[in-house]
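Enquirer: One file is attached below, structure.tsv, containing TSV, C-alpha atoms.
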chain	number	residue	atom	x	y	z
M	1	MET	CA	-38.64	4.18	-19.22
M	2	THR	CA	-35.06	3.90	-20.33
M	3	ALA	CA	-32.65	6.77	-20.64
M	4	PRO	CA	-32.08	7.95	-24.20
M	5	SER	CA	-28.82	6.66	-25.67
M	6	LEU	CA	-26.17	9.19	-26.59
M	7	HIS	CA	-24.78	9.56	-30.07
M	8	PRO	CA	-21.33	7.91	-30.34
M	9	THR	CA	-19.76	11.28	-31.16
M	10	VAL	CA	-21.23	12.79	-27.97
M	11	ARG	CA	-20.04	9.81	-25.90
M	12	ARG	CA	-16.52	10.16	-27.30
M	13	SER	CA	-16.58	13.87	-26.54
M	14	ILE	CA	-17.65	13.26	-22.91
M	15	ALA	CA	-15.03	10.52	-22.50
M	16	GLY	CA	-12.41	12.83	-23.99
M	17	ARG	CA	-13.23	15.62	-21.55
M	18	SER	CA	-13.26	13.15	-18.67
M	19	ASN	CA	-9.90	11.73	-19.63
M	20	GLY	CA	-8.57	15.26	-20.01
M	21	LEU	CA	-9.65	16.05	-16.45
M	22	ARG	CA	-8.09	12.83	-15.20
M	23	SER	CA	-4.84	13.74	-16.94
M	24	LEU	CA	-4.86	17.11	-15.19
M	25	TRP	CA	-5.38	15.37	-11.81
M	26	LEU	CA	-2.54	13.00	-12.64
M	27	MET	CA	-0.17	15.87	-13.43
M	28	ALA	CA	-1.26	17.62	-10.22
M	29	LEU	CA	-0.46	14.45	-8.27
M	30	VAL	CA	3.00	14.25	-9.87
M	31	VAL	CA	3.66	17.87	-8.91
M	32	LEU	CA	2.42	17.20	-5.36
M	33	LEU	CA	4.72	14.20	-5.04
M	34	GLY	CA	7.67	16.26	-6.26
M	35	GLY	CA	6.89	19.00	-3.73
M	36	LEU	CA	6.59	16.51	-0.89
M	37	GLY	CA	9.89	14.94	-1.94
M	38	ALA	CA	11.57	18.35	-1.70
M	39	LEU	CA	10.03	18.95	1.76
M	40	SER	CA	11.13	15.50	2.92
M	41	VAL	CA	14.73	16.33	2.08
M	42	THR	CA	14.64	19.74	3.78
M	43	ILE	CA	12.57	19.03	6.94
M	44	GLY	CA	13.96	17.14	9.92
M	45	SER	CA	15.05	17.40	13.52
M	46	ARG	CA	17.92	19.66	12.46
M	47	ASP	CA	17.49	22.90	10.51
M	48	VAL	CA	19.73	22.85	7.47
M	49	GLY	CA	20.61	25.75	5.17
M	50	TRP	CA	20.14	25.72	1.41
M	51	ALA	CA	23.89	25.60	0.85
M	52	ASP	CA	24.18	22.35	2.83
M	53	ILE	CA	21.13	20.91	1.07
M	54	ALA	CA	22.60	21.68	-2.35
M	55	ALA	CA	25.97	20.26	-1.34
M	56	ALA	CA	24.40	17.09	0.07
M	57	LEU	CA	22.34	16.54	-3.09
M	58	ALA	CA	25.62	16.79	-5.01
M	59	GLY	CA	27.08	14.05	-2.80
M	60	GLY	CA	28.86	16.12	-0.16
M	61	GLN	CA	28.90	15.11	3.52
M	62	ASP	CA	31.50	17.55	4.89
M	63	THR	CA	29.26	19.11	7.58
M	64	ILE	CA	26.69	17.82	10.06
M	65	GLY	CA	23.95	19.50	8.04
M	66	GLN	CA	25.06	17.81	4.83
M	67	ALA	CA	25.24	14.46	6.61
M	68	ALA	CA	21.68	14.96	7.92
M	69	VAL	CA	20.37	15.70	4.44
M	70	ALA	CA	22.26	12.69	3.06
M	71	LEU	CA	20.34	10.49	5.50
M	72	ARG	CA	17.00	11.97	4.38
M	73	ILE	CA	17.53	11.09	0.70
M	74	PRO	CA	17.24	7.27	1.02
M	75	ARG	CA	14.47	7.77	3.59
M	76	THR	CA	12.52	9.80	1.04
M	77	LEU	CA	13.11	7.18	-1.65
M	78	LEU	CA	11.93	4.38	0.65
M	79	ALA	CA	8.77	6.30	1.60
M	80	VAL	CA	7.96	6.80	-2.10
M	81	LEU	CA	8.56	3.14	-2.94
M	82	ALA	CA	6.67	1.76	0.07
M	83	GLY	CA	3.76	4.17	-0.38
M	84	SER	CA	3.49	3.32	-4.08
M	85	ALA	CA	3.54	-0.38	-3.31
M	86	LEU	CA	0.92	-0.25	-0.55
M	87	GLY	CA	-1.38	2.11	-2.45
M	88	LEU	CA	-1.32	-0.10	-5.54
M	89	ALA	CA	-1.61	-3.32	-3.50
M	90	GLY	CA	-4.71	-1.96	-1.74
M	91	ALA	CA	-6.40	-1.06	-5.05
M	92	VAL	CA	-5.58	-4.47	-6.54
M	93	MET	CA	-6.84	-6.31	-3.45
M	94	GLN	CA	-10.09	-4.36	-3.50
M	95	GLY	CA	-10.50	-5.27	-7.18
M	96	VAL	CA	-9.62	-8.93	-6.77
M	97	THR	CA	-12.00	-9.44	-3.83
M	98	ARG	CA	-14.56	-6.76	-4.89
M	99	ASN	CA	-14.33	-5.74	-1.28
M	100	PRO	CA	-14.22	-2.02	-0.28
M	101	LEU	CA	-12.68	-3.00	3.08
M	102	ALA	CA	-9.76	-4.88	1.52
M	103	ASP	CA	-6.39	-3.64	2.74
M	104	PRO	CA	-3.12	-5.51	3.35
M	105	GLY	CA	-3.47	-4.72	7.06
M	106	ILE	CA	-7.18	-5.47	7.50
M	107	LEU	CA	-6.94	-8.75	5.57
M	108	GLY	CA	-4.04	-9.82	7.77
M	109	VAL	CA	-1.51	-10.03	4.92
M	110	ASN	CA	0.98	-7.65	6.54
M	111	THR	CA	0.65	-9.45	9.89
M	112	GLY	CA	1.23	-12.79	8.16
M	113	ALA	CA	4.40	-11.40	6.60
M	114	SER	CA	5.48	-10.11	10.03
M	115	LEU	CA	4.84	-13.46	11.70
M	116	ALA	CA	6.86	-15.26	9.05
M	117	VAL	CA	9.80	-12.89	9.54
M	118	VAL	CA	9.63	-13.23	13.34
M	119	ILE	CA	9.58	-17.03	13.06
M	120	GLY	CA	12.53	-16.84	10.68
M	121	VAL	CA	14.50	-14.61	13.05
M	122	ALA	CA	13.59	-16.48	16.25
M	123	TRP	CA	13.95	-20.06	15.04
M	124	PHE	CA	16.14	-19.98	11.94
M	125	ASN	CA	18.36	-16.97	12.67
M	126	ILE	CA	17.75	-15.34	9.31
M	127	SER	CA	19.59	-12.05	8.95
M	128	SER	CA	20.23	-11.28	5.29
M	129	ALA	CA	18.02	-8.88	3.33
M	130	ASP	CA	17.10	-11.55	0.77
M	131	ALA	CA	16.04	-13.97	3.52
M	132	TYR	CA	13.84	-11.28	5.08
M	133	ILE	CA	12.19	-10.51	1.76
M	134	TRP	CA	11.51	-14.09	0.67
M	135	THR	CA	10.24	-15.02	4.13
M	136	ALA	CA	7.91	-12.02	4.24
M	137	ILE	CA	6.55	-12.74	0.75
M	138	ALA	CA	5.92	-16.39	1.67
M	139	GLY	CA	4.11	-15.33	4.84
M	140	ALA	CA	2.03	-12.77	2.96
M	141	GLY	CA	1.05	-15.28	0.27
M	142	LEU	CA	0.08	-18.05	2.70
M	143	THR	CA	-1.93	-15.63	4.83
M	144	ALA	CA	-3.79	-14.22	1.80
M	145	ALA	CA	-4.73	-17.73	0.67
M	146	PHE	CA	-5.79	-18.69	4.22
M	147	VAL	CA	-7.97	-15.61	4.74
M	148	TYR	CA	-9.61	-15.94	1.32
M	149	THR	CA	-10.35	-19.62	1.95
M	150	ILE	CA	-11.89	-18.91	5.36
M	151	GLY	CA	-13.84	-15.94	4.03
M	152	SER	CA	-15.21	-17.98	1.11
M	153	MET	CA	-16.73	-20.69	3.28
M	154	GLY	CA	-20.47	-20.87	3.81
M	155	ARG	CA	-23.37	-19.29	1.96
M	156	GLY	CA	-22.71	-16.34	-0.32
M	157	GLY	CA	-19.00	-16.99	-0.90
M	158	ALA	CA	-16.39	-14.36	-0.13
M	159	THR	CA	-18.59	-11.44	0.91
M	160	PRO	CA	-16.92	-8.18	2.04
M	161	LEU	CA	-18.04	-8.71	5.64
M	162	LYS	CA	-16.83	-12.32	5.85
M	163	LEU	CA	-13.45	-11.44	4.33
M	164	ALA	CA	-13.01	-8.51	6.70
M	165	LEU	CA	-13.93	-10.63	9.73
M	166	ALA	CA	-11.62	-13.45	8.62
M	167	GLY	CA	-8.80	-10.96	8.02
M	168	VAL	CA	-9.21	-9.15	11.33
M	169	ALA	CA	-9.45	-12.42	13.29
M	170	THR	CA	-6.35	-13.77	11.53
M	171	SER	CA	-4.47	-10.53	12.12
M	172	ILE	CA	-5.29	-10.57	15.86
M	173	ALA	CA	-4.32	-14.23	16.19
M	174	PHE	CA	-1.01	-13.73	14.34
M	175	SER	CA	-0.22	-10.61	16.38
M	176	SER	CA	-0.67	-12.66	19.54
M	177	LEU	CA	1.65	-15.33	18.15
M	178	VAL	CA	4.27	-12.68	17.35
M	179	THR	CA	4.07	-11.40	20.93
M	180	ALA	CA	4.30	-14.93	22.31
M	181	LEU	CA	7.42	-15.58	20.23
M	182	VAL	CA	9.14	-12.30	21.03
M	183	LEU	CA	8.45	-11.98	24.80
M	184	PRO	CA	10.86	-14.71	25.98
M	185	ARG	CA	13.56	-13.63	23.51
M	186	ASN	CA	15.27	-10.59	24.93
M	187	ASP	CA	17.99	-10.90	22.31
M	188	ILE	CA	15.61	-10.08	19.44
M	189	ALA	CA	12.74	-8.30	21.23
M	190	GLY	CA	14.04	-4.74	20.85
M	191	GLY	CA	14.67	-4.91	17.13
M	192	ILE	CA	11.45	-6.78	16.35
M	193	ARG	CA	9.26	-4.39	18.33
M	194	SER	CA	10.80	-1.36	16.65
M	195	TRP	CA	10.35	-2.95	13.22
M	196	GLN	CA	6.73	-3.92	13.96
M	197	ILE	CA	5.66	-0.29	14.44
M	198	GLY	CA	6.34	0.31	10.77
M	199	GLY	CA	8.54	3.12	9.55
M	200	VAL	CA	11.03	4.39	7.00
M	201	GLY	CA	13.52	5.91	9.45
M	202	GLY	CA	17.05	4.61	9.25
M	203	ALA	CA	16.69	3.81	5.55
M	204	THR	CA	19.87	3.30	3.58
M	205	PHE	CA	20.52	2.52	-0.05
M	206	GLU	CA	21.98	-0.81	1.09
M	207	ARG	CA	18.59	-1.74	2.61
M	208	ILE	CA	16.59	-0.49	-0.34
M	209	LEU	CA	18.49	-2.05	-3.25
M	210	PRO	CA	17.69	-5.73	-2.47
M	211	VAL	CA	13.96	-5.04	-2.41
M	212	MET	CA	13.88	-3.06	-5.67
M	213	PRO	CA	13.49	-6.06	-8.05
M	214	PHE	CA	10.55	-7.43	-6.05
M	215	LEU	CA	8.82	-4.05	-5.99
M	216	ALA	CA	9.46	-3.56	-9.71
M	217	VAL	CA	7.90	-6.91	-10.60
M	218	GLY	CA	4.98	-6.35	-8.21
M	219	LEU	CA	4.32	-2.86	-9.58
M	220	ALA	CA	4.45	-4.14	-13.17
M	221	ILE	CA	2.04	-7.01	-12.49
M	222	GLY	CA	-0.31	-4.77	-10.53
M	223	LEU	CA	-0.44	-2.00	-13.13
M	224	LEU	CA	-0.88	-4.50	-15.98
M	225	SER	CA	-3.89	-6.06	-14.19
M	226	ALA	CA	-6.15	-3.07	-14.89
M	227	ARG	CA	-8.09	-4.68	-17.75
M	228	ARG	CA	-8.61	-7.91	-15.80
M	229	LEU	CA	-9.82	-6.00	-12.72
M	230	ASN	CA	-12.29	-4.04	-14.87
M	231	SER	CA	-13.67	-7.37	-16.11
M	232	LEU	CA	-13.90	-8.79	-12.56
M	233	ALA	CA	-15.79	-5.68	-11.47
M	234	LEU	CA	-18.64	-6.76	-13.77
M	235	GLY	CA	-19.09	-9.98	-11.79
M	236	ASP	CA	-17.64	-13.44	-12.31
M	237	ASP	CA	-20.36	-14.68	-14.68
M	238	LEU	CA	-20.21	-11.68	-16.99
M	239	ALA	CA	-16.40	-11.61	-16.89
M	240	ALA	CA	-16.32	-15.29	-17.88
M	241	GLY	CA	-18.88	-14.57	-20.62
M	242	LEU	CA	-16.54	-11.90	-22.00
M	243	GLY	CA	-13.78	-14.49	-22.26
M	244	GLU	CA	-11.91	-13.69	-19.05
M	245	ARG	CA	-10.35	-16.62	-17.18
M	246	VAL	CA	-11.59	-15.48	-13.79
M	247	ALA	CA	-9.47	-17.68	-11.50
M	248	LEU	CA	-6.28	-16.95	-13.46
M	249	ALA	CA	-7.02	-13.21	-13.51
M	250	ARG	CA	-7.48	-13.19	-9.73
M	251	ALA	CA	-4.34	-15.27	-9.14
M	252	VAL	CA	-2.09	-13.07	-11.30
M	253	ALA	CA	-3.35	-9.81	-9.82
M	254	ALA	CA	-3.11	-11.21	-6.27
M	255	LEU	CA	0.49	-12.31	-6.96
M	256	GLY	CA	1.42	-8.72	-7.72
M	257	ALA	CA	-0.23	-7.48	-4.51
M	258	ILE	CA	1.48	-10.18	-2.41
M	259	LEU	CA	4.91	-9.31	-3.83
M	260	LEU	CA	4.32	-5.64	-3.00
M	261	CYS	CA	3.05	-6.31	0.53
M	262	GLY	CA	5.72	-8.87	1.41
M	263	ALA	CA	8.64	-6.83	0.08
M	264	THR	CA	7.41	-3.63	1.75
M	265	THR	CA	6.81	-5.32	5.08
M	266	ALA	CA	10.28	-6.88	4.99
M	267	VAL	CA	12.02	-3.51	4.70
M	268	CYS	CA	9.59	-1.18	6.55
M	269	GLY	CA	7.58	-3.38	8.90
M	270	PRO	CA	3.78	-3.51	8.74
M	271	ILE	CA	2.23	-0.15	7.76
M	272	GLY	CA	-1.54	-0.25	8.05
M	273	PHE	CA	-4.50	1.52	6.43
M	274	LEU	CA	-2.63	3.09	3.51
M	275	GLY	CA	-3.97	0.48	1.10
M	276	LEU	CA	-7.50	1.18	2.34
M	277	VAL	CA	-7.45	4.98	2.31
M	278	VAL	CA	-5.67	5.72	-0.96
M	279	PRO	CA	-7.84	3.76	-3.48
M	280	HIS	CA	-11.05	5.24	-2.05
M	281	LEU	CA	-9.70	8.79	-2.25
M	282	CYS	CA	-8.52	8.16	-5.81
M	283	ARG	CA	-11.96	6.81	-6.83
M	284	LEU	CA	-13.42	10.14	-5.82
M	285	LEU	CA	-11.13	11.77	-8.40
M	286	VAL	CA	-11.08	9.34	-11.32
M	287	GLY	CA	-13.98	6.92	-10.81
M	288	PRO	CA	-13.89	3.12	-10.79
M	289	ASP	CA	-11.96	2.51	-14.05
M	290	TYR	CA	-8.87	0.56	-12.97
M	291	ARG	CA	-6.88	1.82	-15.97
M	292	TRP	CA	-6.83	5.17	-14.18
M	293	LEU	CA	-7.32	4.03	-10.59
M	294	LEU	CA	-4.16	1.91	-10.42
M	295	PRO	CA	-1.65	4.59	-11.49
M	296	PHE	CA	-3.47	7.13	-9.32
M	297	SER	CA	-3.29	4.79	-6.31
M	298	THR	CA	0.44	4.27	-6.96
M	299	LEU	CA	1.19	8.00	-6.96
M	300	GLY	CA	-1.37	8.70	-4.23
M	301	GLY	CA	0.13	6.08	-1.92
M	302	ALA	CA	3.61	7.53	-2.39
M	303	SER	CA	2.32	11.05	-1.68
M	304	LEU	CA	0.35	10.06	1.42
M	305	LEU	CA	3.13	8.02	3.01
M	306	LEU	CA	5.65	10.77	2.30
M	307	ALA	CA	3.29	13.36	3.82
M	308	ALA	CA	2.72	11.13	6.87
M	309	ASP	CA	6.48	10.73	7.34
M	310	ILE	CA	7.00	14.50	7.15
M	311	ALA	CA	4.12	15.08	9.59
M	312	GLY	CA	5.68	12.58	12.01
M	313	ARG	CA	8.91	14.59	11.99
M	314	ILE	CA	7.10	17.89	12.59
M	315	ILE	CA	4.60	16.77	15.27
M	316	ALA	CA	7.15	15.25	17.65
M	317	ARG	CA	10.11	17.52	16.84
M	318	PRO	CA	13.00	17.21	17.79
M	319	ALA	CA	12.08	13.51	18.07
M	320	GLU	CA	9.72	11.90	15.55
M	321	LEU	CA	6.71	9.60	15.23
M	322	ASP	CA	7.09	6.47	13.12
M	323	VAL	CA	5.05	6.67	9.96
M	324	GLY	CA	3.06	3.57	10.92
M	325	ILE	CA	1.60	5.47	13.90
M	326	VAL	CA	0.65	8.47	11.74
M	327	THR	CA	-1.10	6.31	9.11
M	328	ALA	CA	-3.01	4.54	11.90
M	329	PHE	CA	-4.32	7.89	13.15
M	330	ILE	CA	-5.44	8.73	9.61
M	331	GLY	CA	-6.74	5.31	8.65
M	332	ALA	CA	-8.76	4.28	11.70
M	333	PRO	CA	-11.47	6.97	11.36
M	334	PHE	CA	-11.43	6.52	7.58
M	335	PHE	CA	-12.12	2.80	8.06
M	336	VAL	CA	-15.20	3.67	10.13
M	337	TRP	CA	-16.35	6.08	7.42
M	338	VAL	CA	-15.96	3.40	4.73
M	339	VAL	CA	-17.97	0.90	6.76
M	340	MET	CA	-20.79	3.45	7.18
M	341	GLN	CA	-21.06	4.15	3.46
M	342	GLN	CA	-24.08	2.37	2.02
M	343	ARG	CA	-23.11	2.91	-1.60
M	344	ILE	CA	-19.78	1.08	-1.52
M	345	ARG	CA	-20.71	-2.21	0.07
M	346	GLU	CA	-19.44	-3.96	-3.04
M	347	LEU	CA	-17.07	-2.81	-5.76
In structure tokens, how does this file's structure come out?
Expert:
Amino acid sequence: MTAPSLHPTVRRSIAGRSNGLRSLWLMALVVLLGGLGALSVTIGSRDVGWADIAAALAGGQDTIGQAAVALRIPRTLLAVLAGSALGLAGAVMQGVTRNPLADPGILGVNTGASLAVVIGVAWFNISSADAYIWTAIAGAGLTAAFVYTIGSMGRGGATPLKLALAGVATSIAFSSLVTALVLPRNDIAGGIRSWQIGGVGGATFERILPVMPFLAVGLAIGLLSARRLNSLALGDDLAAGLGERVALARAVAALGAILLCGATTAVCGPIGFLGLVVPHLCRLLVGPDYRWLLPFSTLGGASLLLAADIAGRIIARPAELDVGIVTAFIGAPFFVWVVMQQRIREL
């Protein structure tokens, strides 16, 4: 027996109410992000009064307190940008591969970007921001293509399990190569190891500005891929039947994700699990429609990374934990939970 079909007017009414609820969630997320941004500027190893905060926001750096707040402003901006990029990249990757375990870290993309940067530093003495960014993007793109090719081999094509195994194996192998390259190089070991933990500390506007164009292009491509990802979610055959050019749709969406992952890794180091956690949490709020999921993942990623950075400053005060360590503590148990879910084996 089939379920009775709803009158078009009733369907439009239900969709209208649903979109209204999603809009409320979106506004709540914007307010949350604004609140976290304010906390990020006010919380740190040094207590700062409101007068110094106001003066620092106006550009003053006459006292130690004002100087401390001035350092937190670019750090907050970088956390928002990196979180947005990783949250959106995770949602796009999960849509492109139809894999609930897809994440720039689990698929080895971040590690590939890291390996490329380490090779560039160790063998070619790269040092400029542009060189870091282009090298990281190239490493991320080559690694994504390699993992997808390996995961697509054999019967069944690129299943979630095969892609996850290929990504994890690649990530472990590349991490070993990074260690092998760095160990005999005492001249670069300290900086590389600190960068590999992943963090937004020490951010400056001079570090952020070169990466802005890459993030802007990646965010635009990712957000504009919503319709294509909705088509891919129906399956390749049905998407092709609806007139979608499946291979081109995957390639364009993946390009946006690679730009986001490579550029973020170049400036922050590899930050894991954010791209896995955020899209799943956002699906609980807005469902599987990528027209809503992508902007929610963008704002959700920014909020979660900013919250993780603030938590890292509070937990280890007066020192601090790098944000990559905090996201690992959050993401590892969430990864286990995702694997145990029977209803999300395939997106």
Enquirer: Neighbours of Ser225 of chain M within 10 Å (all atoms listed in the file; same-chain residues fewer than 4 positions away dropped), as a compact mmCIF listing (two decimals) with C-alpha atoms, in the coordinates of the input?
Expert:
# COMPACT_ATOMS: atom_id res chain seq x y z
CA VAL M 92 -5.58 -4.47 -6.54
CA GLY M 95 -10.50 -5.27 -7.18
CA VAL M 96 -9.62 -8.93 -6.77
CA LEU M 219 4.32 -2.86 -9.58
CA ALA M 220 4.45 -4.14 -13.17
CA ILE M 221 2.04 -7.01 -12.49
CA LEU M 229 -9.82 -6.00 -12.72
CA ASN M 230 -12.29 -4.04 -14.87
CA ALA M 249 -7.02 -13.21 -13.51
CA ARG M 250 -7.48 -13.19 -9.73
CA VAL M 252 -2.09 -13.07 -11.30
CA ALA M 253 -3.35 -9.81 -9.82
CA ALA M 254 -3.11 -11.21 -6.27
CA GLY M 256 1.42 -8.72 -7.72
CA TYR M 290 -8.87 0.56 -12.97
CA ARG M 291 -6.88 1.82 -15.97
CA LEU M 294 -4.16 1.91 -10.42
Enquirer: Would you mind telling me which residue in M:Leu276, M:Ala145, M:Val48, M:Met153 lies nearest to Asn99 of chain M when using only C-alpha atoms?
Expert: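 Of M:Leu276, M:Ala145, M:Val48, M:Met153, the one nearest Asn99 of chain M, counting only C-alpha atoms, is M:Leu276.
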Enquirer: Work out how far atom CA of Gly83 of chain M is from atom CA of Leu304 of chain M, in Å to one decimal.
Expert: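 Going from atom CA of Leu304 of chain M over to atom CA of Gly83 of chain M, I get 7.0 Å.
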Enquirer: Would you list the residues near (22.3, 4.9, 4.2) (no more than 7 Å away, in the coordinates of the file, using only C-alpha atoms) as a tab-separated table (two decimals) with C-alpha atoms, in the coordinates of the input?
Expert:
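To be explicit, this is the file written out as part_10.tsv:
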chain	number	residue	atom	x	y	z
M	71	LEU	CA	20.34	10.49	5.50
M	74	PRO	CA	17.24	7.27	1.02
M	203	ALA	CA	16.69	3.81	5.55
M	204	THR	CA	19.87	3.30	3.58
M	205	PHE	CA	20.52	2.52	-0.05
M	206	GLU	CA	21.98	-0.81	1.09
Enquirer: Residues at most 7 Å from Gln196 of chain M, counting all atoms listed in the file, excluding those fewer than 3 positions away in the same chain, as a list in words?
Expert: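 In the requested form, the answer reads Ile192, Arg193, Gly269 and Pro270 of chain M.
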Enquirer: Around (1.5, 12.6, -4.8) in the file's own coordinates, what residues are found within 10 Å if you use all atoms listed in the file, given back as a PyMOL selection string?
Expert: chain M and resi 26-37+80+83-84+296-307
